[in-house]
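The data block below is data-v6.tsv; it holds TSV, C-alpha atoms.
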```
chain	number	residue	atom	x	y	z
A	1	MET	CA	-21.41	-8.43	48.18
A	2	LYS	CA	-22.98	-10.61	45.49
A	3	LYS	CA	-24.67	-7.54	44.00
A	4	LEU	CA	-21.34	-5.71	43.87
A	5	LYS	CA	-19.68	-8.71	42.19
A	6	LYS	CA	-22.44	-9.00	39.60
A	7	SER	CA	-22.28	-5.25	38.98
A	8	PHE	CA	-18.53	-5.46	38.45
A	9	GLN	CA	-18.91	-8.38	36.05
A	10	PHE	CA	-21.57	-6.51	34.09
A	11	CYS	CA	-19.36	-3.41	33.83
A	12	LEU	CA	-16.40	-5.54	32.71
A	13	ILE	CA	-18.48	-7.23	29.98
A	14	ALA	CA	-19.82	-3.86	28.83
A	15	LEU	CA	-16.29	-2.45	28.68
A	16	VAL	CA	-15.00	-5.38	26.61
A	17	PHE	CA	-17.99	-5.09	24.28
A	18	ALA	CA	-17.40	-1.35	23.85
A	19	LEU	CA	-13.71	-1.87	23.12
A	20	ASN	CA	-14.55	-4.54	20.52
A	21	ILE	CA	-17.05	-2.23	18.80
A	22	SER	CA	-14.53	0.60	18.87
A	23	ALA	CA	-11.85	-1.61	17.32
A	24	GLN	CA	-14.22	-2.76	14.60
A	25	ASP	CA	-15.30	0.79	13.78
A	26	LYS	CA	-11.79	2.22	13.73
A	27	PRO	CA	-10.86	2.91	10.09
A	28	LYS	CA	-7.78	1.23	8.70
A	29	ASP	CA	-4.75	3.44	8.24
A	30	LYS	CA	-3.84	1.54	5.08
A	31	LEU	CA	-5.19	-0.95	2.58
A	32	ARG	CA	-2.82	-3.79	1.75
A	33	VAL	CA	-3.09	-5.03	-1.84
A	34	LEU	CA	-0.98	-7.55	-3.73
A	35	PHE	CA	-1.14	-7.13	-7.53
A	36	VAL	CA	-0.39	-10.26	-9.56
A	37	GLY	CA	-0.28	-10.14	-13.34
A	38	ASN	CA	1.70	-9.20	-16.41
A	39	SER	CA	2.41	-6.13	-18.53
A	40	LEU	CA	-1.25	-5.05	-18.39
A	41	THR	CA	-0.64	-4.46	-14.68
A	42	TYR	CA	2.81	-2.91	-14.79
A	43	ALA	CA	2.18	-0.73	-17.88
A	44	ASN	CA	2.11	2.89	-16.70
A	45	ASN	CA	2.56	1.53	-13.15
A	46	LEU	CA	-1.14	0.84	-12.61
A	47	PRO	CA	-0.87	0.06	-8.86
A	48	GLU	CA	0.82	3.40	-8.26
A	49	ILE	CA	-1.97	5.20	-10.13
A	50	VAL	CA	-4.48	3.56	-7.78
A	51	ALA	CA	-2.28	4.65	-4.86
A	52	GLY	CA	-2.14	8.20	-6.27
A	53	LEU	CA	-5.92	8.34	-6.55
A	54	ALA	CA	-6.21	7.23	-2.92
A	55	ARG	CA	-3.72	9.88	-1.79
A	56	SER	CA	-5.49	12.62	-3.72
A	57	ALA	CA	-8.82	11.60	-2.14
A	58	LYS	CA	-7.25	11.40	1.35
A	59	GLN	CA	-8.18	7.75	1.67
A	60	PRO	CA	-6.15	5.23	3.71
A	61	LYS	CA	-2.79	4.62	2.11
A	62	LEU	CA	-2.60	1.89	-0.53
A	63	ALA	CA	0.27	-0.29	0.67
A	64	TYR	CA	0.90	-2.49	-2.34
A	65	LYS	CA	3.30	-4.97	-3.81
A	66	MET	CA	3.35	-5.93	-7.48
A	67	VAL	CA	4.44	-9.26	-8.94
A	68	ALA	CA	4.15	-8.93	-12.71
A	69	TYR	CA	6.15	-10.33	-15.61
A	70	PRO	CA	5.71	-10.11	-19.40
A	71	ASN	CA	3.17	-12.56	-20.85
A	72	PHE	CA	2.60	-14.32	-17.52
A	73	SER	CA	-0.57	-16.26	-16.80
A	74	LEU	CA	-1.68	-17.33	-13.33
A	75	GLU	CA	-0.24	-20.74	-14.15
A	76	ASP	CA	3.17	-19.16	-14.81
A	77	HIS	CA	2.98	-17.33	-11.48
A	78	TRP	CA	2.04	-20.54	-9.69
A	79	ASN	CA	4.96	-22.41	-11.22
A	80	LYS	CA	7.37	-19.61	-10.34
A	81	GLY	CA	6.21	-19.73	-6.71
A	82	GLU	CA	6.98	-16.13	-5.78
A	83	VAL	CA	3.36	-15.21	-5.07
A	84	GLN	CA	2.85	-18.19	-2.76
A	85	LYS	CA	5.91	-17.18	-0.72
A	86	ILE	CA	4.62	-13.63	-0.33
A	87	LEU	CA	1.19	-14.88	0.72
A	88	ALA	CA	2.75	-17.20	3.28
A	89	LYS	CA	4.78	-14.38	4.88
A	90	GLU	CA	2.50	-11.34	4.75
A	91	LYS	CA	-1.12	-10.39	5.41
A	92	TRP	CA	-3.18	-8.67	2.73
A	93	ASP	CA	-6.66	-7.23	2.26
A	94	PHE	CA	-6.96	-8.01	-1.46
A	95	VAL	CA	-5.03	-9.92	-4.10
A	96	VAL	CA	-5.77	-8.38	-7.53
A	97	MET	CA	-5.04	-10.88	-10.31
A	98	GLN	CA	-5.02	-10.80	-14.09
A	99	GLN	CA	-3.59	-12.62	-17.07
A	100	GLY	CA	-4.18	-12.08	-20.80
A	101	PRO	CA	-7.65	-11.52	-22.27
A	102	SER	CA	-8.42	-15.25	-21.98
A	103	ALA	CA	-11.56	-14.98	-24.09
A	104	PHE	CA	-11.42	-18.60	-25.25
A	105	SER	CA	-11.73	-21.95	-23.50
A	106	ASP	CA	-8.02	-22.64	-22.97
A	107	GLY	CA	-7.30	-19.29	-21.33
A	108	ARG	CA	-10.56	-19.48	-19.37
A	109	LYS	CA	-9.61	-22.90	-17.99
A	110	VAL	CA	-6.20	-21.66	-16.88
A	111	LEU	CA	-7.65	-18.60	-15.12
A	112	ILE	CA	-10.33	-20.58	-13.32
A	113	ASP	CA	-8.11	-23.55	-12.42
A	114	TYR	CA	-5.40	-21.35	-10.92
A	115	ALA	CA	-7.90	-19.04	-9.25
A	116	LYS	CA	-8.99	-22.16	-7.35
A	117	LYS	CA	-5.38	-23.11	-6.56
A	118	TYR	CA	-4.68	-19.64	-5.20
A	119	ALA	CA	-7.90	-19.49	-3.17
A	120	GLU	CA	-6.49	-21.24	-0.09
A	121	PRO	CA	-3.17	-19.33	0.22
A	122	ILE	CA	-5.04	-16.07	-0.38
A	123	ALA	CA	-7.55	-16.90	2.36
A	124	ASN	CA	-4.71	-17.89	4.71
A	125	ALA	CA	-3.19	-14.46	4.13
A	126	GLY	CA	-6.45	-12.85	5.25
A	127	ALA	CA	-7.23	-11.52	1.78
A	128	LYS	CA	-10.04	-11.57	-0.74
A	129	PRO	CA	-9.24	-12.47	-4.38
A	130	ALA	CA	-10.11	-9.88	-7.02
A	131	PHE	CA	-10.04	-10.44	-10.78
A	132	TYR	CA	-8.98	-7.47	-12.88
A	133	MET	CA	-10.73	-7.95	-16.22
A	134	VAL	CA	-8.55	-6.62	-19.02
A	135	TRP	CA	-9.45	-6.11	-22.70
A	136	SER	CA	-8.69	-7.51	-26.11
A	137	SER	CA	-6.42	-5.99	-28.72
A	138	ALA	CA	-7.81	-3.33	-31.07
A	139	ASP	CA	-8.18	-5.87	-33.89
A	140	ARG	CA	-10.17	-8.29	-31.68
A	141	LEU	CA	-12.91	-6.06	-30.28
A	142	GLN	CA	-15.40	-8.89	-30.75
A	143	ASP	CA	-13.61	-10.75	-27.94
A	144	PHE	CA	-14.61	-8.32	-25.16
A	145	ALA	CA	-17.68	-10.36	-24.21
A	146	GLY	CA	-15.55	-13.50	-23.88
A	147	VAL	CA	-12.98	-11.68	-21.74
A	148	SER	CA	-15.72	-10.48	-19.42
A	149	ALA	CA	-17.27	-13.94	-19.17
A	150	THR	CA	-13.92	-15.51	-18.27
A	151	TYR	CA	-13.10	-13.09	-15.47
A	152	LYS	CA	-16.65	-13.21	-14.10
A	153	ALA	CA	-16.48	-17.00	-14.02
A	154	ALA	CA	-13.18	-16.99	-12.13
A	155	ALA	CA	-14.51	-14.50	-9.57
A	156	LYS	CA	-17.69	-16.53	-9.07
A	157	GLU	CA	-15.76	-19.77	-8.65
A	158	VAL	CA	-13.87	-18.50	-5.59
A	159	ASP	CA	-16.29	-15.85	-4.30
A	160	GLY	CA	-13.95	-13.07	-5.41
A	161	LEU	CA	-14.41	-9.54	-6.68
A	162	PHE	CA	-14.97	-8.99	-10.38
A	163	ILE	CA	-13.23	-5.78	-11.45
A	164	PRO	CA	-14.72	-4.86	-14.85
A	165	ALA	CA	-12.01	-2.58	-16.24
A	166	GLY	CA	-12.47	-3.93	-19.77
A	167	GLU	CA	-16.19	-3.24	-19.61
A	168	ALA	CA	-15.38	0.35	-18.62
A	169	TRP	CA	-13.43	0.67	-21.88
A	170	LEU	CA	-16.61	-0.24	-23.76
A	171	GLU	CA	-18.56	2.31	-21.72
A	172	VAL	CA	-16.10	5.04	-22.75
A	173	TRP	CA	-16.48	4.12	-26.42
A	174	LYS	CA	-20.25	4.15	-26.07
A	175	ARG	CA	-19.96	7.78	-25.01
A	176	GLU	CA	-17.00	8.80	-27.19
A	177	PRO	CA	-16.42	6.20	-29.97
A	178	LYS	CA	-13.08	7.65	-31.08
A	179	PHE	CA	-11.55	8.06	-27.64
A	180	ASN	CA	-8.19	6.28	-27.66
A	181	LEU	CA	-7.28	4.03	-24.74
A	182	TYR	CA	-4.56	2.00	-26.48
A	183	SER	CA	-0.85	2.65	-26.72
A	184	GLU	CA	0.95	2.39	-30.05
A	185	ASP	CA	0.89	-1.42	-30.09
A	186	ASN	CA	-2.95	-1.42	-29.99
A	187	PHE	CA	-3.00	-3.76	-27.02
A	188	HIS	CA	-1.35	-2.19	-23.99
A	189	PRO	CA	-3.08	0.81	-22.43
A	190	ASN	CA	-1.97	4.38	-22.84
A	191	LEU	CA	-2.08	6.58	-19.73
A	192	ALA	CA	-5.82	7.21	-20.14
A	193	GLY	CA	-6.44	3.47	-20.39
A	194	SER	CA	-4.49	2.77	-17.21
A	195	TYR	CA	-6.16	5.70	-15.42
A	196	LEU	CA	-9.55	4.24	-16.36
A	197	ALA	CA	-8.60	0.79	-15.06
A	198	ALA	CA	-7.28	2.40	-11.87
A	199	LEU	CA	-10.57	4.24	-11.34
A	200	VAL	CA	-12.51	0.97	-11.56
A	201	ILE	CA	-10.10	-0.75	-9.16
A	202	TYR	CA	-10.13	2.22	-6.75
A	203	GLN	CA	-13.92	2.19	-6.46
A	204	GLN	CA	-14.04	-1.56	-5.90
A	205	LEU	CA	-11.32	-1.60	-3.23
A	206	TYR	CA	-12.21	1.60	-1.38
A	207	ARG	CA	-16.00	1.52	-1.90
A	208	GLN	CA	-15.84	5.18	-2.90
A	209	SER	CA	-17.09	6.86	-6.07
A	210	PRO	CA	-14.41	7.82	-8.60
A	211	ILE	CA	-16.38	10.91	-9.63
A	212	GLY	CA	-14.39	14.06	-8.91
A	213	LEU	CA	-11.04	12.36	-8.32
A	214	SER	CA	-7.93	14.26	-9.32
A	215	ASN	CA	-6.76	14.32	-12.93
A	216	ARG	CA	-3.29	15.51	-11.93
A	217	PHE	CA	-1.00	13.97	-9.32
A	218	ARG	CA	2.54	12.74	-8.94
A	219	LEU	CA	3.53	9.09	-8.79
A	220	ASN	CA	6.67	7.43	-7.55
A	221	PHE	CA	9.77	7.36	-9.73
A	222	GLU	CA	9.16	10.98	-10.83
A	223	GLN	CA	6.20	9.95	-12.99
A	224	GLU	CA	2.94	11.84	-12.98
A	225	VAL	CA	-0.65	11.61	-14.13
A	226	ASP	CA	-1.74	14.69	-16.04
A	227	LEU	CA	-4.95	14.31	-18.05
A	228	PRO	CA	-7.22	17.02	-19.43
A	229	GLU	CA	-10.06	17.64	-17.01
A	230	LYS	CA	-12.74	16.81	-19.57
A	231	HIS	CA	-11.05	13.49	-20.36
A	232	ALA	CA	-10.77	12.60	-16.68
A	233	LYS	CA	-14.45	13.42	-16.20
A	234	LEU	CA	-15.42	11.11	-19.07
A	235	LEU	CA	-13.30	8.29	-17.67
A	236	GLN	CA	-14.60	8.75	-14.13
A	237	GLU	CA	-18.21	8.68	-15.28
A	238	ALA	CA	-17.60	5.57	-17.38
A	239	ALA	CA	-15.90	3.80	-14.45
A	240	ALA	CA	-18.72	4.69	-12.07
A	241	GLU	CA	-21.42	3.61	-14.53
A	242	THR	CA	-19.69	0.29	-15.14
A	243	ASN	CA	-19.22	-0.48	-11.45
A	244	LYS	CA	-22.85	0.47	-10.83
A	245	LYS	CA	-23.89	-2.60	-12.83
A	246	TYR	CA	-22.20	-4.73	-10.15
A	247	GLY	CA	-23.64	-3.04	-7.10
A	248	PHE	CA	-21.11	-0.27	-6.51
```

Please go through the file and, once you have read it, give me the structure as structure tokens.
Amino acid sequence: MKKLKKSFQFCLIALVFALNISAQDKPKDKLRVLFVGNSLTYANNLPEIVAGLARSAKQPKLAYKMVAYPNFSLEDHWNKGEVQKILAKEKWDFVVMQQGPSAFSDGRKVLIDYAKKYAEPIANAGAKPAFYMVWSSADRLQDFAGVSATYKAAAKEVDGLFIPAGEAWLEVWKREPKFNLYSEDNFHPNLAGSYLAALVIYQQLYRQSPIGLSNRFRLNFEQEVDLPEKHAKLLQEAAAETNKKYGF
């Protein structure tokens, strides 16, 4: 009788262990991402481009929400309080954050200070913070190194992801110096610039190479991405090469 009891207990433990392994190995049906930023996030509907890339690659659905207002810093978002309310109510996998270029000490301090303030509510929502490095305006190209340093520092401070979109812009120009990524104001991205940023974000969040992703797909609100194949190839290769520097 004791042998039967022990055998039953062993089988029960094995079954529980197998179920736990199965649950861990089961792929997610969606990736939940909260985007927090300003016009460099909502220009060309960047989150939806990332979602479109995921759809075209048959990856788990990107279930996202965007909280972005013109000229907002992380301090402005904190003072508004909307992001904290969302984090308190909903679970997320990643919170992708950005503000302006922040190449200098004042902007760097704001990004790092508020990255630390957001660390606890992000963790409580089950998410990992990610810092979407942007770029400087066309007349301040010398600031790119400072932008990168600021976003790297914020990511390091809270053990977050560093998303080097701005560095990918430099990689494109290294390959094609005259390739235009700016819109008419020479600061916001044109569609190619947003597509490039989306490729970098996609690879970081999905852990999948951007090489070979679609250059044509529909977005919500009757928008679409439609880039020449050779341009998309250039942007994909630049994104992959940039992420490679950070272990992707």

* All residues 8 Å or closer to A:Tyr195, only C-alpha atoms, same chain fewer than 2 positions away omitted, as a PyMOL selection string -> chain A and resi 46+49+191-193+197-199+235

* To do: Tell me which of A:Leu219, A:His188, A:Gln204, A:Glu224 sits closest to A:Asn243, counting only C-alpha atoms.
  =>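 When distances to A:Asn243 are compared using only C-alpha atoms, the smallest one comes from A:Gln204.
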
* To do: Give me the residues within 8 Å of A:Val110 as number ranges by chain, counting only C-alpha atoms and dropping any in the same chain fewer than 2 places off.
  => A: 73-75, 106-108, 112-114

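By chain and then residue number, the residues within 8 Å of A:Ala240 are Val200, Gln203, Ser209, Pro210, Ile211 and Phe248 of chain A, counting all atoms listed in the file and disregarding those fewer than 5 positions away in sequence.
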
* Mind checking which residues fall within 10 Å of A:Leu62, counting all atoms listed in the file, ignoring those fewer than 3 positions away in the same chain, and posting them as a ChimeraX atom specification? => /A:29-33,47-48,50-55,59,65,202,205-206

Can those selected residues be exported to a file as a compact mmCIF listing (two decimals), keeping the file's coordinate frame so that it contains C-alpha atoms?
```txt
# COMPACT_ATOMS: atom_id res chain seq x y z
CA ASP A 29 -4.75 3.44 8.24
CA LYS A 30 -3.84 1.54 5.08
CA LEU A 31 -5.19 -0.95 2.58
CA ARG A 32 -2.82 -3.79 1.75
CA VAL A 33 -3.09 -5.03 -1.84
CA PRO A 47 -0.87 0.06 -8.86
CA GLU A 48 0.82 3.40 -8.26
CA VAL A 50 -4.48 3.56 -7.78
CA ALA A 51 -2.28 4.65 -4.86
CA GLY A 52 -2.14 8.20 -6.27
CA LEU A 53 -5.92 8.34 -6.55
CA ALA A 54 -6.21 7.23 -2.92
CA ARG A 55 -3.72 9.88 -1.79
CA GLN A 59 -8.18 7.75 1.67
CA LYS A 65 3.30 -4.97 -3.81
CA TYR A 202 -10.13 2.22 -6.75
CA LEU A 205 -11.32 -1.60 -3.23
CA TYR A 206 -12.21 1.60 -1.38
```
